[in-house]
$ cat data.pdb   # PDB, C-alpha atoms
MODEL        1
ATOM      1  CA  MET R   1      99.839 102.818-132.373
ATOM      2  CA  GLN R   2      96.993 105.013-131.240
ATOM      3  CA  THR R   3      93.572 103.466-130.912
ATOM      4  CA  LEU R   4      90.500 104.975-132.502
ATOM      5  CA  SER R   5      89.292 106.256-129.136
ATOM      6  CA  GLN R   6      92.636 108.046-128.582
ATOM      7  CA  LYS R   7      92.477 109.710-131.978
ATOM      8  CA  ASN R   8      88.846 110.696-131.591
ATOM      9  CA  PRO R   9      87.364 111.057-128.074
ATOM     10  CA  LEU R  10      83.875 110.879-129.553
ATOM     11  CA  ALA R  11      84.588 107.298-130.568
ATOM     12  CA  ALA R  12      84.839 106.297-126.908
ATOM     13  CA  ILE R  13      81.523 107.956-126.173
ATOM     14  CA  GLY R  14      79.962 106.186-129.140
ATOM     15  CA  HIS R  15      81.375 102.863-127.986
ATOM     16  CA  VAL R  16      79.845 103.297-124.528
ATOM     17  CA  PHE R  17      76.549 104.323-126.073
ATOM     18  CA  MET R  18      76.498 101.255-128.298
ATOM     19  CA  LEU R  19      77.210  99.019-125.297
ATOM     20  CA  PHE R  20      74.308 100.693-123.509
ATOM     21  CA  LEU R  21      71.963 100.075-126.433
ATOM     22  CA  ALA R  22      73.095  96.451-126.620
ATOM     23  CA  SER R  23      72.323  95.992-122.916
ATOM     24  CA  VAL R  24      68.886  97.555-123.365
ATOM     25  CA  GLY R  25      68.221  95.215-126.251
ATOM     26  CA  ARG R  26      69.275  92.117-124.316
ATOM     27  CA  ILE R  27      67.149  93.073-121.319
ATOM     28  CA  SER R  28      64.156  93.821-123.569
ATOM     29  CA  LEU R  29      64.451  90.447-125.310
ATOM     30  CA  PHE R  30      64.824  88.718-121.944
ATOM     31  CA  MET R  31      61.721  90.468-120.590
ATOM     32  CA  THR R  32      59.691  89.707-123.718
ATOM     33  CA  ASN R  33      60.704  86.061-123.707
ATOM     34  CA  THR R  34      59.867  85.693-120.014
ATOM     35  CA  ILE R  35      56.394  87.190-120.424
ATOM     36  CA  ARG R  36      55.669  85.294-123.628
ATOM     37  CA  GLU R  37      56.647  81.955-122.123
ATOM     38  CA  GLY R  38      55.025  82.679-118.768
ATOM     39  CA  ILE R  39      51.528  83.402-120.016
ATOM     40  CA  ARG R  40      51.313  80.049-121.765
ATOM     41  CA  PRO R  41      50.208  76.950-119.867
ATOM     42  CA  PRO R  42      51.177  74.975-117.907
ATOM     43  CA  TYR R  43      51.368  77.123-114.797
ATOM     44  CA  TYR R  44      53.051  76.514-111.466
ATOM     45  CA  PRO R  45      50.801  77.882-108.697
ATOM     46  CA  GLN R  46      53.120  76.630-105.958
ATOM     47  CA  GLN R  47      55.875  78.863-107.350
ATOM     48  CA  PHE R  48      53.576  81.884-107.366
ATOM     49  CA  ARG R  49      52.463  81.169-103.808
ATOM     50  CA  ALA R  50      56.042  80.854-102.572
ATOM     51  CA  MET R  51      57.047  84.124-104.255
ATOM     52  CA  PHE R  52      54.041  85.995-102.849
ATOM     53  CA  ILE R  53      55.051  84.938 -99.351
ATOM     54  CA  GLN R  54      58.739  85.647 -99.844
ATOM     55  CA  ILE R  55      58.260  89.075-101.389
ATOM     56  CA  GLY R  56      55.199  90.247 -99.473
ATOM     57  CA  TYR R  57      55.061  88.706 -96.027
ATOM     58  CA  TYR R  58      58.777  88.538 -95.284
ATOM     59  CA  SER R  59      59.459  92.043 -96.596
ATOM     60  CA  LEU R  60      56.757  93.677 -94.493
ATOM     61  CA  PRO R  61      58.868  94.251 -91.326
ATOM     62  CA  VAL R  62      61.618  95.964 -93.322
ATOM     63  CA  ILE R  63      59.173  98.189 -95.203
ATOM     64  CA  GLY R  64      57.267  99.004 -92.021
ATOM     65  CA  LEU R  65      60.362 100.105 -90.096
ATOM     66  CA  THR R  66      61.694 102.072 -93.055
ATOM     67  CA  THR R  67      58.517 104.054 -93.636
ATOM     68  CA  LEU R  68      57.864 104.531 -89.908
ATOM     69  CA  PHE R  69      61.165 106.283 -89.302
ATOM     70  CA  THR R  70      60.975 108.099 -92.640
ATOM     71  CA  GLY R  71      57.613 109.605 -91.706
ATOM     72  CA  ALA R  72      58.875 110.533 -88.249
ATOM     73  CA  ALA R  73      62.020 112.200 -89.609
ATOM     74  CA  LEU R  74      59.993 114.007 -92.281
ATOM     75  CA  ALA R  75      57.685 115.488 -89.628
ATOM     76  CA  VAL R  76      60.644 116.775 -87.606
ATOM     77  CA  GLN R  77      62.343 118.258 -90.678
ATOM     78  CA  SER R  78      59.115 119.846 -91.893
ATOM     79  CA  TYR R  79      58.492 121.408 -88.497
ATOM     80  CA  SER R  80      62.032 122.775 -88.422
ATOM     81  CA  GLY R  81      61.521 124.516 -91.748
ATOM     82  CA  PHE R  82      57.873 125.522 -91.614
ATOM     83  CA  SER R  83      58.115 127.023 -88.123
ATOM     84  CA  ARG R  84      60.223 129.816 -89.606
ATOM     85  CA  PHE R  85      57.222 130.915 -91.661
ATOM     86  CA  SER R  86      54.486 130.087 -89.126
ATOM     87  CA  ALA R  87      53.195 127.365 -91.470
ATOM     88  CA  GLU R  88      53.139 124.464 -89.007
ATOM     89  CA  SER R  89      49.553 123.644 -89.998
ATOM     90  CA  SER R  90      50.821 122.422 -93.380
ATOM     91  CA  ILE R  91      52.937 119.665 -91.860
ATOM     92  CA  PRO R  92      50.224 116.936 -91.868
ATOM     93  CA  ILE R  93      49.518 117.204 -95.583
ATOM     94  CA  VAL R  94      53.215 117.600 -96.475
ATOM     95  CA  VAL R  95      54.013 114.386 -94.619
ATOM     96  CA  ALA R  96      51.091 112.556 -96.222
ATOM     97  CA  LEU R  97      51.898 113.739 -99.762
ATOM     98  CA  ALA R  98      55.602 113.064 -99.458
ATOM     99  CA  ILE R  99      54.999 109.549 -98.143
ATOM    100  CA  THR R 100      52.291 108.522-100.600
ATOM    101  CA  ARG R 101      53.689 110.170-103.730
ATOM    102  CA  GLU R 102      57.434 109.755-103.367
ATOM    103  CA  LEU R 103      59.091 108.418-100.249
ATOM    104  CA  GLY R 104      56.829 105.425 -99.720
ATOM    105  CA  PRO R 105      57.228 103.912-103.202
ATOM    106  CA  VAL R 106      60.890 104.872-103.610
ATOM    107  CA  MET R 107      62.048 103.731-100.167
ATOM    108  CA  ALA R 108      60.085 100.498-100.479
ATOM    109  CA  GLY R 109      61.469  99.908-103.966
ATOM    110  CA  LEU R 110      65.055 100.445-102.844
ATOM    111  CA  MET R 111      64.651  98.241 -99.792
ATOM    112  CA  VAL R 112      63.056  95.476-101.840
ATOM    113  CA  ALA R 113      65.837  95.844-104.423
ATOM    114  CA  GLY R 114      68.393  95.229-101.689
ATOM    115  CA  ARG R 115      66.499  92.306-100.226
ATOM    116  CA  ILE R 116      64.585  90.623-103.055
ATOM    117  CA  GLY R 117      66.653  91.692-106.062
ATOM    118  CA  ALA R 118      69.819  90.403-104.444
ATOM    119  CA  SER R 119      68.062  87.204-103.383
ATOM    120  CA  PHE R 120      66.775  86.534-106.895
ATOM    121  CA  ALA R 121      70.152  87.175-108.488
ATOM    122  CA  ALA R 122      71.998  84.994-105.976
ATOM    123  CA  GLU R 123      69.493  82.152-106.135
ATOM    124  CA  ILE R 124      69.142  82.032-109.909
ATOM    125  CA  GLY R 125      72.846  82.717-110.397
ATOM    126  CA  THR R 126      73.748  79.782-108.188
ATOM    127  CA  MET R 127      71.370  77.589-110.142
ATOM    128  CA  ARG R 128      73.014  78.770-113.358
ATOM    129  CA  VAL R 129      76.629  78.106-112.349
ATOM    130  CA  THR R 130      75.748  74.743-110.782
ATOM    131  CA  GLU R 131      73.859  73.741-113.964
ATOM    132  CA  GLN R 132      70.527  73.330-112.193
ATOM    133  CA  ILE R 133      68.848  75.443-114.870
ATOM    134  CA  ASP R 134      70.260  73.115-117.515
ATOM    135  CA  ALA R 135      68.818  70.232-115.513
ATOM    136  CA  LEU R 136      65.374  71.869-115.629
ATOM    137  CA  VAL R 137      65.620  72.096-119.402
ATOM    138  CA  THR R 138      66.630  68.426-119.528
ATOM    139  CA  LEU R 139      63.500  67.603-117.535
ATOM    140  CA  SER R 140      61.385  69.513-120.081
ATOM    141  CA  THR R 141      60.705  72.340-117.601
ATOM    142  CA  ASN R 142      60.922  75.830-119.072
ATOM    143  CA  PRO R 143      63.070  77.951-116.686
ATOM    144  CA  PHE R 144      61.412  81.156-117.888
ATOM    145  CA  LYS R 145      58.024  79.758-116.957
ATOM    146  CA  TYR R 146      59.057  77.974-113.747
ATOM    147  CA  LEU R 147      61.657  80.340-112.244
ATOM    148  CA  LEU R 148      61.396  83.802-113.761
ATOM    149  CA  PHE R 149      57.769  84.573-114.599
ATOM    150  CA  PRO R 150      56.422  83.859-111.064
ATOM    151  CA  ARG R 151      58.997  86.261-109.652
ATOM    152  CA  LEU R 152      58.060  89.032-112.081
ATOM    153  CA  VAL R 153      54.342  88.647-111.387
ATOM    154  CA  ALA R 154      54.706  88.332-107.621
ATOM    155  CA  ALA R 155      56.953  91.381-107.299
ATOM    156  CA  THR R 156      54.689  93.497-109.506
ATOM    157  CA  ILE R 157      51.607  92.552-107.490
ATOM    158  CA  MET R 158      53.019  92.511-103.971
ATOM    159  CA  LEU R 159      54.995  95.749-103.945
ATOM    160  CA  PRO R 160      51.853  97.948-104.183
ATOM    161  CA  PHE R 161      50.459  96.121-101.141
ATOM    162  CA  LEU R 162      53.729  96.692 -99.305
ATOM    163  CA  VAL R 163      53.731 100.363-100.269
ATOM    164  CA  PHE R 164      50.105 100.853 -99.227
ATOM    165  CA  THR R 165      50.904  99.356 -95.828
ATOM    166  CA  GLY R 166      54.055 101.462 -95.674
ATOM    167  CA  ASP R 167      52.061 104.608 -96.471
ATOM    168  CA  ILE R 168      49.810 103.997 -93.487
ATOM    169  CA  ILE R 169      52.754 103.287 -91.192
ATOM    170  CA  GLY R 170      54.727 106.277 -92.492
ATOM    171  CA  ILE R 171      51.840 108.678 -91.985
ATOM    172  CA  PHE R 172      51.364 107.243 -88.525
ATOM    173  CA  GLY R 173      55.057 107.845 -87.800
ATOM    174  CA  GLY R 174      54.657 111.499 -88.715
ATOM    175  CA  TYR R 175      51.474 111.696 -86.644
ATOM    176  CA  ALA R 176      53.100 110.123 -83.583
ATOM    177  CA  VAL R 177      56.077 112.486 -83.623
ATOM    178  CA  SER R 178      53.919 115.529 -84.331
ATOM    179  CA  VAL R 179      51.515 114.775 -81.474
ATOM    180  CA  LYS R 180      53.979 113.480 -78.890
ATOM    181  CA  ALA R 181      56.996 115.672 -79.559
ATOM    182  CA  LEU R 182      55.878 118.719 -81.539
ATOM    183  CA  GLY R 183      52.700 119.591 -79.658
ATOM    184  CA  PHE R 184      50.071 119.028 -82.356
ATOM    185  CA  ALA R 185      46.484 118.264 -81.396
ATOM    186  CA  PRO R 186      45.543 114.749 -82.555
ATOM    187  CA  ILE R 187      42.107 115.460 -84.067
ATOM    188  CA  PRO R 188      43.087 118.537 -86.163
ATOM    189  CA  TYR R 189      46.161 116.670 -87.426
ATOM    190  CA  ILE R 190      44.061 113.724 -88.584
ATOM    191  CA  ASN R 191      41.441 116.025 -90.110
ATOM    192  CA  ASN R 192      44.059 117.960 -92.089
ATOM    193  CA  THR R 193      45.534 114.729 -93.412
ATOM    194  CA  TRP R 194      42.156 113.262 -94.332
ATOM    195  CA  ASN R 195      40.744 116.424 -95.916
ATOM    196  CA  TYR R 196      43.664 117.247 -98.194
ATOM    197  CA  LEU R 197      44.968 113.800 -99.150
ATOM    198  CA  GLN R 198      43.328 112.734-102.417
ATOM    199  CA  PHE R 199      42.761 109.350-103.988
ATOM    200  CA  ASP R 200      45.095 110.156-106.898
ATOM    201  CA  ASP R 201      47.987 110.782-104.500
ATOM    202  CA  VAL R 202      47.754 107.251-103.150
ATOM    203  CA  PHE R 203      46.838 105.572-106.439
ATOM    204  CA  TYR R 204      49.709 107.034-108.448
ATOM    205  CA  GLY R 205      52.101 106.008-105.702
ATOM    206  CA  LEU R 206      50.825 102.440-105.982
ATOM    207  CA  VAL R 207      51.275 102.533-109.766
ATOM    208  CA  LYS R 208      54.872 103.555-109.155
ATOM    209  CA  ALA R 209      55.239 100.679-106.729
ATOM    210  CA  ALA R 210      54.056  98.162-109.322
ATOM    211  CA  ALA R 211      56.585  99.510-111.825
ATOM    212  CA  PHE R 212      59.360  99.381-109.224
ATOM    213  CA  GLY R 213      58.474  95.806-108.302
ATOM    214  CA  PHE R 214      58.684  94.767-111.942
ATOM    215  CA  ILE R 215      62.072  96.478-112.293
ATOM    216  CA  VAL R 216      63.479  94.809-109.183
ATOM    217  CA  ALA R 217      62.390  91.336-110.249
ATOM    218  CA  LEU R 218      63.516  91.842-113.845
ATOM    219  CA  MET R 219      67.005  92.993-112.867
ATOM    220  CA  GLY R 220      67.416  90.249-110.287
ATOM    221  CA  CYS R 221      66.321  87.530-112.707
ATOM    222  CA  TYR R 222      68.273  88.918-115.655
ATOM    223  CA  HIS R 223      71.615  89.248-113.903
ATOM    224  CA  GLY R 224      71.192  85.960-112.086
ATOM    225  CA  TYR R 225      70.215  84.080-115.234
ATOM    226  CA  HIS R 226      73.256  85.373-117.139
ATOM    227  CA  SER R 227      75.784  84.959-114.326
ATOM    228  CA  LYS R 228      78.884  82.890-114.975
ATOM    229  CA  GLY R 229      82.255  82.166-113.458
ATOM    230  CA  GLY R 230      81.376  80.377-110.237
ATOM    231  CA  ALA R 231      80.976  82.089-106.871
ATOM    232  CA  GLN R 232      82.653  85.285-108.018
ATOM    233  CA  GLY R 233      80.265  85.538-110.956
ATOM    234  CA  VAL R 234      77.269  85.079-108.659
ATOM    235  CA  GLY R 235      78.561  87.863-106.411
ATOM    236  CA  THR R 236      79.031  90.154-109.387
ATOM    237  CA  ALA R 237      75.536  89.365-110.664
ATOM    238  CA  THR R 238      74.057  90.119-107.241
ATOM    239  CA  THR R 239      75.834  93.467-107.055
ATOM    240  CA  ASN R 240      74.814  94.390-110.592
ATOM    241  CA  ALA R 241      71.202  93.453-109.878
ATOM    242  CA  VAL R 242      70.946  95.738-106.849
ATOM    243  CA  VAL R 243      72.792  98.653-108.449
ATOM    244  CA  SER R 244      70.930  98.519-111.757
ATOM    245  CA  ALA R 245      67.549  98.110-110.046
ATOM    246  CA  SER R 246      68.238 101.070-107.737
ATOM    247  CA  ILE R 247      69.265 103.336-110.613
ATOM    248  CA  LEU R 248      66.299 102.310-112.746
ATOM    249  CA  ILE R 249      63.928 102.883-109.820
ATOM    250  CA  LEU R 250      65.164 106.454-109.431
ATOM    251  CA  LEU R 251      64.951 107.034-113.183
ATOM    252  CA  ALA R 252      61.470 105.523-113.424
ATOM    253  CA  ASN R 253      60.380 107.569-110.406
ATOM    254  CA  TYR R 254      61.313 110.791-112.164
ATOM    255  CA  LEU R 255      59.608 109.781-115.404
ATOM    256  CA  LEU R 256      56.419 108.626-113.690
ATOM    257  CA  THR R 257      56.351 111.746-111.492
ATOM    258  CA  GLN R 258      56.626 113.878-114.604
ATOM    259  CA  VAL R 259      53.746 111.970-116.204
ATOM    260  CA  PHE R 260      51.453 111.974-113.151
ATOM    261  CA  PHE R 261      52.217 115.315-111.511
ATOM    262  CA  GLY R 262      54.143 117.341-114.093
ATOM    263  CA  VAL R 263      52.786 120.600-115.422
TER
ENDMDL
END
$ encode --input "data.pdb" --output "structure tokens"
Amino acid sequence: MQTLSQKNPLAAIGHVFMLFLASVGRISLFMTNTIREGIRPPYYPQQFRAMFIQIGYYSLPVIGLTTLFTGAALAVQSYSGFSRFSAESSIPIVVALAITRELGPVMAGLMVAGRIGASFAAEIGTMRVTEQIDALVTLSTNPFKYLLFPRLVAATIMLPFLVFTGDIIGIFGGYAVSVKALGFAPIPYINNTWNYLQFDDVFYGLVKAAAFGFIVALMGCYHGYHSKGGAQGVGTATTNAVVSASILILLANYLLTQVFFGV
């Protein structure tokens, strides 16, 4: 007997679309519940402090190396293209704009998704399958307030700081390659960067970073909290957290770019 999807291909598309809407609804309810429970007292400052250190301090070397080499590679690629049109003088501002507007927030978001999103999903997922979350509830401790809300807040706050630091390091990477390898004069390079880089370029990149941090923490907490099936389920939740966070970061980047810089 033929199924409905075999008789009508549109039924399969509708089924997938309904599953997508159901997932959006579950994530929205999870996010709303986490925020609603988290803003009510009591609070757990030790949890916030631990998350700030884990997300901010321990992620800094990864973000620094990523943006350093991204800025350096961008300078080389820009020189390779712009030299064909005798437009080498535009390289400083192109590097600065690309790092602050796009590459800094996106690269930092993806790296944090791989490091922090996976960590959150694995940690919370392990607590779920070993019934530690149930134990918290038994001890009258709200898991949304104790485990999830500090992670959402810390990621949303710390990622802009990481991106701002990464912007500086990335621009320096482009400067170092341009001066040492491409023959640029240091002072004119710095002047071009400083004169043409505007406050909005940096600020909108930091707004993106805050949104990406929220997405990473939300996906890590959501998939970890709903993991099941032992070690295999934790592994699946970790994979889903990283993949979904990465896709949503790229989608949010396009939408925010259209809002901030679209014509």
$ closest_residue --input "data.pdb" --among "R:Ala118, R:Val94, R:Val163, R:Leu139" --to "Thr236 (chain R)" --atoms "all atoms listed in the file"
R:Ala118
$ resolve_selection --input "data.pdb" --expression "the PyMOL selection byres ((chain R and resi 241) around 10)" --output "number ranges by chain"
R: 113-114, 116-122, 215-224, 235-240, 242-246
$ residues_around --input "data.pdb" --residues "Met51 (chain R)" --least-positions-apart "6" --cutoff "9 Å" --atoms "all atoms listed in the file" --output "PyMOL selection string"
chain R and resi 150-151+153-155
$ resolve_selection --input "data.pdb" --expression "the PyMOL selection byres ((chain R and resi 127) around 12)" --output "list in words"
Phe120, Ala121, Ala122, Glu123, Ile124, Gly125, Thr126, Arg128, Val129, Thr130, Glu131, Gln132, Ile133, Asp134, Ala135, Leu136, Pro143, Leu147, Cys221, Gly224, Tyr225, His226, Ser227, Lys228, Gly230, Ala231, Gly233 and Val234 of chain R
$ residues_around --input "data.pdb" --residues "region 30-46 of chain R" --least-positions-apart "6" --cutoff "6 Å" --atoms "only C-alpha atoms" --output "list in words"
Phe144, Lys145 and Phe149 of chain R
$ resolve_selection --input "data.pdb" --expression "the PyMOL selection byres ((chain R and resi 99) around 10)" --output "PyMOL selection string"
chain R and resi 67+70-71+74+93-98+100-107+163+166-171+174+201-202+205
$ atom_distance --input "data.pdb" --atom1 "CA of Val76 (chain R)" --atom2 "CA of Leu60 (chain R)"
24.4 Å
$ residues_near_point --input "data.pdb" --point "(57.3, 121.2, -83.6)" --cutoff "7 Å" --atoms "only C-alpha atoms" --output "PyMOL selection string"
chain R and resi 76+79-80+178+181-183
$ atom_distance --input "data.pdb" --atom1 "CA of Phe199 (chain R)" --atom2 "CA of Leu250 (chain R)"
23.2 Å
$ atom_distance --input "data.pdb" --atom1 "CA of Ala72 (chain R)" --atom2 "CA of Leu110 (chain R)"
18.8 Å
$ closest_residue --input "data.pdb" --among "R:Ile190, R:Leu152, R:Ala22, R:Ala176" --to "Gln47 (chain R)" --atoms "all atoms listed in the file"
R:Leu152
$ closest_residue --input "data.pdb" --among "R:Pro92, R:Ser86, R:Tyr146, R:Pro61" --to "Ile187 (chain R)" --atoms "all atoms listed in the file"
R:Pro92
$ closest_residue --input "data.pdb" --among "R:Val24, R:Val207, R:Ala252, R:Val177" --to "Phe69 (chain R)" --atoms "all atoms listed in the file"
R:Val177
$ closest_residue --input "data.pdb" --among "R:Phe52, R:Phe212, R:Phe261, R:Tyr254" --to "Ala108 (chain R)" --atoms "all atoms listed in the file"
R:Phe212
$ closest_residue --input "data.pdb" --among "R:Ile55, R:Leu197, R:Ala185, R:Val62" --to "Gly213 (chain R)" --atoms "all atoms listed in the file"
R:Ile55
